>>> print(open('query11.tsv').read())   # TSV, C-alpha atoms and all ligand atoms
chain	number	residue	atom	x	y	z
A	27	MET	CA	0.00	0.00	0.00
A	28	ALA	CA	2.99	2.29	-0.34
A	29	VAL	CA	4.40	3.62	-3.56
A	30	ARG	CA	8.14	3.67	-4.18
A	31	ALA	CA	9.28	7.10	-5.21
A	32	ASN	CA	12.42	6.42	-7.22
A	33	ARG	CA	14.18	3.53	-8.89
A	34	GLY	CA	17.41	2.03	-7.60
A	35	TYR	CA	16.51	1.52	-3.93
A	36	SER	CA	14.74	-1.54	-2.66
A	37	ARG	CA	11.78	-0.88	-0.38
A	38	ARG	CA	13.47	-2.89	2.36
A	39	ALA	CA	16.76	-0.97	2.08
A	40	VAL	CA	14.94	2.33	2.22
A	41	LEU	CA	12.92	1.40	5.29
A	42	GLN	CA	15.96	-0.11	7.01
A	43	ALA	CA	17.92	3.05	6.39
A	44	ALA	CA	15.10	5.17	7.73
A	45	ALA	CA	14.85	2.99	10.81
A	46	LEU	CA	18.58	2.90	11.47
A	47	ALA	CA	19.21	6.58	11.23
A	48	GLY	CA	17.41	9.59	12.65
A	49	ALA	CA	16.50	12.52	10.47
A	50	GLY	CA	19.56	14.47	11.55
A	51	ALA	CA	21.96	11.66	10.73
A	52	LEU	CA	20.30	11.09	7.37
A	53	LEU	CA	20.21	14.65	6.26
A	54	GLY	CA	22.87	16.47	8.21
A	55	ARG	CA	26.52	17.19	7.63
A	56	THR	CA	27.60	13.90	9.20
A	57	VAL	CA	26.21	11.86	6.36
A	58	HIS	CA	27.15	14.16	3.54
A	59	GLY	CA	30.64	14.58	4.95
A	60	ALA	CA	31.23	10.88	5.58
A	61	VAL	CA	34.47	9.60	4.05
A	62	GLY	CA	34.79	6.08	2.69
A	63	HIS	CA	31.16	5.09	3.25
A	64	ALA	CA	28.50	5.66	0.65
A	65	PRO	CA	25.55	6.97	2.64
A	66	ILE	CA	22.34	5.00	2.28
A	67	TYR	CA	19.25	7.06	2.83
A	68	PRO	CA	15.81	7.22	1.29
A	69	PRO	CA	15.81	9.02	-2.04
A	70	LEU	CA	14.17	12.40	-2.45
A	71	ILE	CA	10.70	12.36	-3.96
A	72	TRP	CA	10.21	14.75	-6.87
A	73	LYS	CA	7.11	15.84	-8.78
A	74	PRO	CA	6.81	17.74	-12.07
A	75	ILE	CA	5.43	21.26	-12.43
A	76	PRO	CA	2.50	20.55	-14.78
A	77	ALA	CA	3.14	23.58	-17.02
A	78	THR	CA	6.73	22.64	-17.89
A	79	GLY	CA	7.73	19.27	-16.44
A	80	GLU	CA	10.45	20.90	-14.31
A	81	MET	CA	10.93	18.70	-11.26
A	82	LEU	CA	10.65	19.87	-7.65
A	83	PRO	CA	11.24	18.00	-4.37
A	84	VAL	CA	7.86	17.61	-2.67
A	85	ILE	CA	8.73	19.22	0.67
A	86	GLY	CA	9.69	22.89	0.73
A	87	LEU	CA	9.71	25.49	3.50
A	88	GLY	CA	7.23	28.17	4.63
A	89	THR	CA	8.76	31.26	6.18
A	90	ASN	CA	5.94	33.44	7.48
A	91	ARG	CA	7.58	33.57	10.92
A	92	PHE	CA	11.12	34.36	9.80
A	93	SER	CA	12.43	37.39	11.71
A	94	GLU	CA	15.71	39.35	11.81
A	95	ALA	CA	15.96	38.68	15.54
A	96	GLU	CA	16.72	35.03	14.78
A	97	TYR	CA	18.96	35.66	11.76
A	98	ASP	CA	21.81	33.29	12.71
A	99	SER	CA	19.63	30.28	13.43
A	100	LEU	CA	17.44	30.90	10.36
A	101	LYS	CA	20.51	31.16	8.14
A	102	ALA	CA	21.73	27.87	9.60
A	103	GLU	CA	18.31	26.37	8.87
A	104	LEU	CA	18.46	27.54	5.25
A	105	GLY	CA	21.91	26.00	4.98
A	106	ARG	CA	20.57	22.64	6.17
A	107	PHE	CA	17.64	23.05	3.78
A	108	THR	CA	19.83	22.99	0.67
A	109	GLU	CA	22.13	20.33	2.14
A	110	ALA	CA	19.03	18.15	2.44
A	111	GLY	CA	18.34	18.64	-1.28
A	112	ALA	CA	15.22	20.73	-0.78
A	113	LYS	CA	14.36	23.63	-3.10
A	114	VAL	CA	11.03	25.43	-2.67
A	115	ILE	CA	11.10	28.40	-0.26
A	116	ASP	CA	7.83	30.30	0.13
A	117	THR	CA	7.77	33.86	1.44
A	118	ALA	CA	5.78	37.08	0.85
A	119	ALA	CA	6.22	40.83	0.70
A	120	ALA	CA	3.82	40.91	3.65
A	121	TYR	CA	5.84	38.60	5.93
A	122	GLY	CA	7.77	41.28	7.80
A	123	ASP	CA	11.52	40.50	7.73
A	124	SER	CA	11.12	37.17	5.94
A	125	GLU	CA	12.25	38.21	2.44
A	126	ALA	CA	15.22	40.15	3.82
A	127	VAL	CA	16.34	37.27	6.06
A	128	ILE	CA	16.12	34.83	3.16
A	129	GLY	CA	17.91	37.15	0.72
A	130	GLN	CA	20.78	37.85	3.11
A	131	SER	CA	21.09	34.18	4.08
A	132	LEU	CA	21.16	32.91	0.50
A	133	ALA	CA	23.75	35.57	-0.39
A	134	ASP	CA	25.92	34.58	2.61
A	135	LEU	CA	25.52	30.87	1.86
A	136	GLY	CA	25.90	31.29	-1.92
A	137	THR	CA	22.86	29.09	-2.52
A	138	ARG	CA	20.44	31.32	-4.47
A	139	ASP	CA	20.84	29.16	-7.59
A	140	GLN	CA	20.04	25.99	-5.65
A	141	VAL	CA	16.59	27.08	-4.49
A	142	PHE	CA	13.19	27.73	-6.05
A	143	LEU	CA	12.21	31.12	-4.64
A	144	ALA	CA	8.49	31.89	-4.38
A	145	THR	CA	7.13	35.16	-3.03
A	146	LYS	CA	3.84	37.06	-3.10
A	147	LEU	CA	2.52	40.53	-3.71
A	148	SER	CA	-0.93	41.94	-3.22
A	149	GLY	CA	-3.13	44.54	-4.85
A	150	GLY	CA	-2.69	46.69	-1.78
A	151	GLY	CA	-6.42	47.31	-1.43
A	152	PRO	CA	-8.61	46.19	1.47
A	153	ARG	CA	-8.54	42.47	2.08
A	154	HIS	CA	-11.48	40.44	0.87
A	155	PRO	CA	-13.81	39.72	3.82
A	156	ASN	CA	-13.38	35.97	3.26
A	157	THR	CA	-9.65	36.09	3.67
A	158	GLY	CA	-8.80	34.89	7.14
A	159	GLY	CA	-5.27	33.74	6.24
A	160	ALA	CA	-2.59	32.84	8.74
A	161	THR	CA	-0.78	36.08	8.06
A	162	ALA	CA	-2.44	39.43	7.56
A	163	ALA	CA	-1.20	41.23	4.46
A	164	THR	CA	-0.83	44.47	6.39
A	165	ASP	CA	2.91	44.96	5.88
A	166	ALA	CA	2.66	45.38	2.12
A	167	PRO	CA	1.63	48.92	1.37
A	168	LEU	CA	3.43	48.67	-1.96
A	169	THR	CA	1.86	47.01	-4.94
A	170	GLY	CA	2.65	46.34	-8.61
A	171	GLN	CA	6.13	47.27	-9.85
A	172	ASP	CA	7.13	48.83	-6.49
A	173	SER	CA	6.36	45.63	-4.64
A	174	LEU	CA	8.21	43.47	-7.19
A	175	ASP	CA	11.26	45.76	-7.06
A	176	ARG	CA	11.34	45.65	-3.27
A	177	SER	CA	11.02	41.85	-3.24
A	178	LEU	CA	13.88	41.47	-5.75
A	179	GLN	CA	16.02	43.83	-3.69
A	180	ARG	CA	15.23	42.16	-0.35
A	181	LEU	CA	15.72	38.70	-1.82
A	182	ARG	CA	18.95	39.82	-3.55
A	183	THR	CA	18.02	38.25	-6.83
A	184	SER	CA	17.48	39.31	-10.43
A	185	HIS	CA	14.42	37.08	-10.89
A	186	LEU	CA	11.83	35.12	-8.95
A	187	ASP	CA	11.01	31.51	-9.63
A	188	LEU	CA	7.37	32.11	-8.70
A	189	LEU	CA	5.35	35.25	-7.98
A	190	GLN	CA	1.89	34.78	-6.47
A	191	VAL	CA	-0.98	37.18	-5.85
A	192	HIS	CA	-1.39	37.01	-2.08
A	193	ASN	CA	-4.86	35.98	-0.92
A	194	LEU	CA	-6.23	36.79	-4.42
A	195	ASN	CA	-6.04	40.45	-3.42
A	196	GLY	CA	-6.14	42.59	-6.59
A	197	VAL	CA	-5.74	39.61	-8.90
A	198	ASP	CA	-7.57	41.14	-11.90
A	199	GLU	CA	-5.52	44.34	-11.74
A	200	LEU	CA	-2.21	42.51	-11.16
A	201	MET	CA	-2.51	39.71	-13.71
A	202	PRO	CA	-1.54	41.79	-16.80
A	203	GLN	CA	1.60	42.93	-14.96
A	204	LEU	CA	2.49	39.40	-13.91
A	205	LEU	CA	2.20	38.28	-17.51
A	206	ARG	CA	4.48	41.12	-18.64
A	207	TRP	CA	7.06	40.30	-15.94
A	208	LYS	CA	6.98	36.66	-16.98
A	209	LYS	CA	7.60	37.58	-20.59
A	210	ALA	CA	10.48	39.84	-19.51
A	211	GLY	CA	12.08	37.02	-17.48
A	212	LYS	CA	11.59	38.72	-14.10
A	213	ILE	CA	9.45	35.81	-12.94
A	214	ARG	CA	9.50	32.23	-14.19
A	215	TYR	CA	6.04	31.16	-13.00
A	216	LEU	CA	2.93	32.98	-11.78
A	217	GLY	CA	0.12	32.03	-9.43
A	218	VAL	CA	-2.37	33.01	-6.74
A	219	THR	CA	-2.80	32.01	-3.09
A	220	THR	CA	-5.37	31.64	-0.37
A	221	SER	CA	-5.44	29.94	2.99
A	222	ASN	CA	-9.16	30.04	3.60
A	223	PRO	CA	-11.70	27.46	2.36
A	224	ALA	CA	-14.27	30.27	1.98
A	225	ASP	CA	-12.03	31.65	-0.79
A	226	HIS	CA	-11.87	28.42	-2.80
A	227	PRO	CA	-14.76	29.40	-5.14
A	228	ARG	CA	-12.98	32.69	-5.96
A	229	MET	CA	-9.75	30.77	-6.51
A	230	ILE	CA	-11.49	28.37	-8.90
A	231	ALA	CA	-12.98	31.27	-10.87
A	232	CYS	CA	-9.48	32.68	-11.19
A	233	MET	CA	-8.06	29.30	-12.29
A	234	ASN	CA	-10.65	29.19	-15.05
A	235	ARG	CA	-10.11	32.81	-16.09
A	236	TYR	CA	-6.30	32.94	-16.26
A	237	ARG	CA	-3.46	30.72	-17.45
A	238	LEU	CA	-1.93	30.10	-14.00
A	239	ASP	CA	1.19	28.01	-13.40
A	240	PHE	CA	0.48	27.50	-9.69
A	241	VAL	CA	-2.13	27.91	-7.01
A	242	GLN	CA	-1.16	27.85	-3.35
A	243	VAL	CA	-3.96	26.66	-1.09
A	244	ASP	CA	-4.62	25.40	2.44
A	245	PHE	CA	-4.66	21.62	2.59
A	246	SER	CA	-3.97	19.20	5.44
A	247	ILE	CA	-5.37	15.99	6.80
A	248	GLY	CA	-7.55	18.09	9.10
A	249	ASN	CA	-8.66	20.51	6.33
A	250	ARG	CA	-9.45	18.60	3.15
A	251	ASP	CA	-11.83	21.03	1.44
A	252	ALA	CA	-9.37	21.81	-1.39
A	253	ALA	CA	-9.36	18.15	-2.49
A	254	ALA	CA	-13.01	18.42	-3.50
A	255	SER	CA	-13.01	22.03	-4.72
A	256	VAL	CA	-9.67	23.33	-6.06
A	257	PHE	CA	-7.77	20.11	-6.92
A	258	PRO	CA	-10.06	18.75	-9.69
A	259	VAL	CA	-9.72	22.08	-11.52
A	260	ALA	CA	-5.95	22.08	-10.99
A	261	LEU	CA	-5.69	18.59	-12.50
A	262	LYS	CA	-7.93	19.49	-15.43
A	263	ARG	CA	-6.14	22.77	-16.21
A	264	ARG	CA	-2.66	21.41	-15.44
A	265	ILE	CA	-1.96	23.92	-12.69
A	266	GLY	CA	0.65	23.11	-10.03
A	267	VAL	CA	-0.51	23.07	-6.40
A	268	ILE	CA	1.53	24.23	-3.42
A	269	ALA	CA	-0.11	23.16	-0.16
A	270	ASN	CA	0.13	25.72	2.63
A	271	MET	CA	-0.60	25.12	6.31
A	272	PRO	CA	0.02	21.36	5.77
A	273	LEU	CA	0.44	20.84	9.51
A	274	GLY	CA	-2.77	22.70	10.29
A	275	GLY	CA	-1.39	26.25	10.39
A	276	ARG	CA	1.11	28.04	12.55
A	277	SER	CA	-0.99	27.49	15.65
A	278	GLY	CA	0.03	23.83	15.08
A	279	ALA	CA	-3.64	22.76	15.21
A	280	ASN	CA	-3.19	19.31	13.68
A	281	LEU	CA	-0.03	18.59	15.63
A	282	ALA	CA	-1.75	19.57	18.86
A	283	ALA	CA	-4.67	17.29	18.01
A	284	SER	CA	-2.28	14.38	17.47
A	285	GLN	CA	-0.23	14.98	20.61
A	286	ASN	CA	-1.84	12.36	22.82
A	287	ARG	CA	-2.43	9.87	20.02
A	288	ALA	CA	-0.21	7.01	19.00
A	289	LEU	CA	1.07	6.99	15.46
A	290	PRO	CA	-0.57	3.91	13.87
A	291	PRO	CA	1.93	1.06	13.38
A	292	TRP	CA	1.12	0.88	9.64
A	293	ALA	CA	2.58	4.40	9.20
A	294	ALA	CA	5.92	2.57	9.01
A	295	ASP	CA	4.74	0.96	5.75
A	296	PHE	CA	5.22	4.28	3.96
A	297	GLY	CA	8.13	5.44	6.11
A	298	ALA	CA	6.41	7.93	8.44
A	299	ALA	CA	8.20	7.91	11.80
A	300	THR	CA	6.53	11.03	13.28
A	301	TRP	CA	3.14	12.71	13.14
A	302	ALA	CA	4.57	15.57	11.08
A	303	GLN	CA	5.85	13.05	8.50
A	304	PHE	CA	2.47	11.28	8.54
A	305	MET	CA	0.66	14.58	7.83
A	306	LEU	CA	3.09	15.76	5.16
A	307	LYS	CA	3.15	12.43	3.34
A	308	TYR	CA	-0.64	12.53	3.32
A	309	VAL	CA	-0.61	16.01	1.74
A	310	VAL	CA	2.00	15.47	-0.96
A	311	SER	CA	0.67	12.05	-1.98
A	312	HIS	CA	-2.47	13.67	-3.45
A	313	ALA	CA	-2.13	13.52	-7.24
A	314	ALA	CA	-2.86	17.23	-7.62
A	315	VAL	CA	-0.27	18.42	-5.10
A	316	THR	CA	3.14	19.41	-6.48
A	317	CYS	CA	4.72	20.24	-3.12
A	318	ALA	CA	3.99	21.40	0.43
A	319	VAL	CA	5.56	24.30	2.32
A	320	PRO	CA	5.49	23.45	6.04
A	321	GLY	CA	6.42	26.54	8.06
A	322	SER	CA	9.35	26.06	10.37
A	323	THR	CA	11.83	28.18	12.28
A	324	LYS	CA	13.66	25.24	13.85
A	325	VAL	CA	16.29	22.98	12.32
A	326	GLU	CA	14.95	19.88	14.07
A	327	HIS	CA	11.49	20.52	12.61
A	328	LEU	CA	12.97	21.18	9.17
A	329	LEU	CA	14.83	17.85	9.24
A	330	ASP	CA	11.79	15.99	10.52
A	331	ASN	CA	9.71	17.48	7.70
A	332	GLN	CA	12.35	16.79	5.05
A	333	MET	CA	12.18	13.09	5.92
A	334	ALA	CA	8.56	13.14	4.75
A	335	GLY	CA	9.83	14.00	1.29
A	336	ARG	CA	12.00	10.90	1.05
A	337	GLY	CA	11.34	7.22	0.40
A	338	PHE	CA	7.71	6.25	-0.07
A	339	LEU	CA	4.32	7.87	-0.29
A	340	PRO	CA	1.01	6.28	0.67
A	341	ASP	CA	-1.16	5.08	-2.19
A	342	ALA	CA	-4.89	5.78	-2.61
A	343	SER	CA	-6.11	3.02	-0.30
A	344	MET	CA	-3.56	3.94	2.37
A	345	ARG	CA	-4.66	7.58	2.12
A	346	LYS	CA	-8.25	6.50	2.83
A	347	LEU	CA	-7.03	4.60	5.89
A	348	MET	CA	-5.13	7.69	7.05
A	349	GLU	CA	-8.26	9.83	6.74
A	350	HIS	CA	-10.32	7.28	8.63
A	351	TYR	CA	-7.73	7.07	11.42
A	352	TRP	CA	-7.58	10.86	11.64
A	353	ASP	CA	-11.36	11.31	11.68
A	354	THR	CA	-12.17	8.72	14.34
B	401	LIG	N1	-2.48	33.02	2.21
B	401	LIG	C1	-1.27	32.53	2.02
B	401	LIG	O1	-0.67	32.71	0.99
B	401	LIG	C2	-0.64	31.72	3.12
B	401	LIG	C3	-1.30	31.57	4.35
B	401	LIG	C4	-0.70	30.79	5.34
B	401	LIG	C5	0.52	30.19	5.09
B	401	LIG	N2	1.16	30.38	3.91
B	401	LIG	C6	2.48	29.77	3.65
B	401	LIG	O2	2.45	28.42	4.08
B	401	LIG	C7	3.48	28.19	5.05
B	401	LIG	C8	3.04	27.12	6.02
B	401	LIG	O3	1.92	27.53	6.79
B	401	LIG	P1	2.04	27.78	8.36
B	401	LIG	O4	3.47	28.00	8.69
B	401	LIG	O5	1.06	28.82	8.73
B	401	LIG	O6	1.48	26.43	8.97
B	401	LIG	P2	2.05	24.91	9.06
B	401	LIG	O7	3.15	24.71	8.10
B	401	LIG	O8	0.89	24.02	8.95
B	401	LIG	O9	2.57	24.81	10.57
B	401	LIG	C9	3.64	25.56	11.04
B	401	LIG	C10	3.78	25.33	12.54
B	401	LIG	O10	4.16	23.98	12.78
B	401	LIG	C11	5.38	23.94	13.52
B	401	LIG	N3	6.16	22.81	12.99
B	401	LIG	C12	6.74	22.71	11.76
B	401	LIG	N4	7.31	21.49	11.60
B	401	LIG	C13	7.11	20.82	12.75
B	401	LIG	C14	7.49	19.54	13.21
B	401	LIG	N5	8.16	18.68	12.43
B	401	LIG	N6	7.13	19.16	14.47
B	401	LIG	C15	6.44	20.02	15.28
B	401	LIG	N7	6.05	21.26	14.90
B	401	LIG	C16	6.38	21.66	13.65
B	401	LIG	C17	6.06	25.27	13.30
B	401	LIG	O11	6.86	25.56	14.43
B	401	LIG	P3	8.39	26.12	14.34
B	401	LIG	O12	8.34	27.46	13.68
B	401	LIG	O13	8.76	26.18	15.80
B	401	LIG	O14	9.23	25.15	13.57
B	401	LIG	C18	4.85	26.20	13.17
B	401	LIG	O15	4.37	26.58	14.44
B	401	LIG	C19	3.73	29.58	5.65
B	401	LIG	O16	4.97	29.67	6.32
B	401	LIG	C20	3.62	30.44	4.42
B	401	LIG	O17	4.83	30.39	3.69
B	401	LIG	C21	0.59	31.11	2.91
>>> encode(input="query11.tsv", output="structure tokens")
Amino acid sequence: MAVRANRGYSRRAVLQAAALAGAGALLGRTVHGAVGHAPIYPPLIWKPIPATGEMLPVIGLGTNRFSEAEYDSLKAELGRFTEAGAKVIDTAAAYGDSEAVIGQSLADLGTRDQVFLATKLSGGGPRHPNTGGATAATDAPLTGQDSLDRSLQRLRTSHLDLLQVHNLNGVDELMPQLLRWKKAGKIRYLGVTTSNPADHPRMIACMNRYRLDFVQVDFSIGNRDAAASVFPVALKRRIGVIANMPLGGRSGANLAASQNRALPPWAADFGAATWAQFMLKYVVSHAAVTCAVPGSTKVEHLLDNQMAGRGFLPDASMRKLMEHYWDT
């Protein structure tokens, strides 16, 4: 009931490796720096961006709580991120220091070219009443060209891999500009985001109206609305999906709900050793989901989450079992 992600590793070898080594040992400097021993660890799982076929590792990083005050530890986290083979970093003009922390860190580490950098801008107008979102877009008074220029400057880059309209705010006004920036090579992909199920109908209307490369939408084992609303349209229109709040949001809602519950023994069948891995493997095993961006400010959480993007994913019948276990 588990699906092997890559060729060249037997299921048994992958699971043995996962069992023998903790996330830190598998992904940290110890393994990559080992001399004389070829490290055995579960292979990264990749999925294609529907619009182009470009491959991305399925677990990225959300950064809505990145702050200057924690610069050193966040830079160290971003260093471990690329060492682990991960790529997708999601930020926003509205996330306070986040873009600046990421830009400075990538410049210091020399890793800009190794990551897929996604940020967001908004129309700058009042937020739609539906938009609850984990992060209020109040720190983005700039819009249009001014917002893009500031993001490029803060992120210390000449181009963005993905630019998204934050919470669908101003999408009709911004879309012509996004298309122009894409043509000019300032952005490689364009998309829209929400984190509120009440916004899914507006997101779907937008998916049908525009040629989007990506949508970013709330999806977790405790919040499955997008699977019935947004995902069928994404599959039909070949739009990539980035899942935000995959652990239930920054309040840690799903993780809190799982705290006093045992991980089912069959989670080992698809290589989930922790609840976070269970939840993330559930999210990225949906056929419509390209990748997930769990938010994390701690290296140990990052490494735990990265393990979810290695080895095996649950298949359709296992996913049903996971939902049943979660719901009862
Ligand atoms: N409208 C939008 O566009 C929108 C809205 C919301 C979110 N987003 C994006 O999606 C990203 C993810 O959403 P989110 O951060 O709100 O929610 P989330 O990823 O579901 O959960 C993040 C929370 O889980 C904790 N955590 C992470 N990994 C963990 C682990 N292995 N074990 C225990 N705790 C763990 C984090 O704590 P630590 O910080 O201590 O690691 C943080 O408190 C955001 O960062 C942002 O990039 C976009």
>>> axis_aligned_box(input="query11.tsv", around="segment 231-244 of chain A", padding_each_side="6 Å", output="AutoDock Vina command-line options")
--center_x -5.9 --center_y 29.2 --center_z -7.5 --size_x 26.2 --size_y 19.5 --size_z 31.9
>>> closest_residue(input="query11.tsv", among="A:Glu125, A:Asp134, A:Glu80, A:Asp251", to="ligand LIG 401 (chain B)", atoms="only C-alpha atoms and all ligand atoms")
A:Glu125
>>> residues_near_ligand(input="query11.tsv", ligand="ligand LIG 401 (chain B)", cutoff="7 Å", atoms="all atoms listed in the file", output="VMD selection string")
chain A and resid 87 to 91 116 to 117 159 to 161 192 to 193 219 to 221 242 270 to 278 281 302 319 to 324 327 to 328 330 to 331
>>> closest_residue(input="query11.tsv", among="A:Asp239, A:Asp353, A:Asp98, A:Asp139", to="Gly79 of chain A", atoms="all atoms listed in the file")
A:Asp239
>>> atom_distance(input="query11.tsv", atom1="atom CA of Ala126 of chain A", atom2="atom CA of Lys101 of chain A")
11.3 Å
>>> atom_distance(input="query11.tsv", atom1="atom CA of Lys307 of chain A", atom2="atom CA of Gly86 of chain A")
12.6 Å
>>> closest_residue(input="query11.tsv", among="A:Val315, A:Val191, A:Ala299, A:Ala334", to="Ile265 of chain A", atoms="all atoms listed in the file")
A:Val315
>>> closest_residue(input="query11.tsv", among="A:Val267, A:Thr354, A:Val241, A:Gly217", to="Ser284 of chain A", atoms="only C-alpha atoms")
A:Thr354
>>> residues_around(input="query11.tsv", residues="Gln171 of chain A", least_positions_apart="4", cutoff="9 Å", atoms="all atoms listed in the file", output="PyMOL selection string")
chain A and resi 175-176+203
>>> atom_distance(input="query11.tsv", atom1="atom CA of Pro227 of chain A", atom2="atom CA of Pro76 of chain A")
21.7 Å
>>> closest_residue(input="query11.tsv", among="A:Ala252, A:Leu178, A:Ala318, A:Leu200", to="Val114 of chain A", atoms="all atoms listed in the file")
A:Ala318
>>> closest_residue(input="query11.tsv", among="A:Ala279, A:Leu189, A:Met348, A:Ala253", to="Ala293 of chain A", atoms="only C-alpha atoms")
A:Met348
>>> residues_around(input="query11.tsv", residues="Ala254 of chain A", least_positions_apart="4", cutoff="12 Å", atoms="all atoms listed in the file", output="list of chain:residue names")
A:Pro223, A:His226, A:Pro227, A:Ile230, A:Phe245, A:Asn249, A:Arg250, A:Pro258, A:Val259, A:Ala260, A:Leu261, A:His312, A:Ala314
>>> residues_around(input="query11.tsv", residues="Gly105 of chain A", least_positions_apart="4", cutoff="10 Å", atoms="only C-alpha atoms", output="list in words")
Ser99, Leu100, Lys101, Glu109, Ala110, Ser131, Leu132, Asp134, Leu135, Gly136, Thr137 and Val325 of chain A
>>> residues_around(input="query11.tsv", residues="Ala298 of chain A", least_positions_apart="2", cutoff="12 Å", atoms="all atoms listed in the file", output="PyMOL selection string")
chain A and resi 28+40-41+44-45+48-49+68+289-296+300-308+330-340+348
>>> decode(input="query11.tsv", residues="segment 123-134 of chain A", atoms="N, CA, C and O atoms", output="short mmCIF file (atom, residue, chain, number, x, y, z; two decimals), in the first residue's frame")
data_model
loop_
_atom_site.label_atom_id
_atom_site.label_comp_id
_atom_site.auth_asym_id
_atom_site.auth_seq_id
_atom_site.Cartn_x
_atom_site.Cartn_y
_atom_site.Cartn_z
N ASP A 123 10.11 40.61 8.10
CA ASP A 123 11.52 40.50 7.73
C ASP A 123 11.81 39.31 6.81
O ASP A 123 12.96 39.12 6.38
N SER A 124 10.84 38.47 6.56
CA SER A 124 11.12 37.17 5.94
C SER A 124 11.94 37.28 4.64
O SER A 124 12.99 36.63 4.50
N GLU A 125 11.50 38.13 3.71
CA GLU A 125 12.25 38.21 2.44
C GLU A 125 13.69 38.66 2.68
O GLU A 125 14.63 38.12 2.07
N ALA A 126 13.87 39.63 3.58
CA ALA A 126 15.22 40.15 3.82
C ALA A 126 16.12 39.09 4.47
O ALA A 126 17.30 38.95 4.11
N VAL A 127 15.57 38.33 5.41
CA VAL A 127 16.34 37.27 6.06
C VAL A 127 16.76 36.21 5.04
O VAL A 127 17.91 35.76 5.01
N ILE A 128 15.82 35.85 4.17
CA ILE A 128 16.12 34.83 3.16
C ILE A 128 17.17 35.35 2.18
O ILE A 128 18.15 34.66 1.87
N GLY A 129 16.97 36.59 1.70
CA GLY A 129 17.91 37.15 0.72
C GLY A 129 19.32 37.23 1.27
O GLY A 129 20.29 36.81 0.60
N GLN A 130 19.44 37.74 2.50
CA GLN A 130 20.78 37.85 3.11
C GLN A 130 21.39 36.47 3.32
O GLN A 130 22.57 36.24 3.05
N SER A 131 20.58 35.54 3.80
CA SER A 131 21.09 34.18 4.08
C SER A 131 21.58 33.50 2.80
O SER A 131 22.67 32.92 2.76
N LEU A 132 20.76 33.58 1.74
CA LEU A 132 21.16 32.91 0.50
C LEU A 132 22.42 33.56 -0.08
O LEU A 132 23.28 32.87 -0.64
N ALA A 133 22.54 34.89 0.09
CA ALA A 133 23.75 35.57 -0.39
C ALA A 133 24.95 35.10 0.44
O ALA A 133 26.01 34.76 -0.12
N ASP A 134 24.82 35.03 1.75
CA ASP A 134 25.92 34.58 2.61
C ASP A 134 26.30 33.13 2.31
O ASP A 134 27.47 32.75 2.32
#
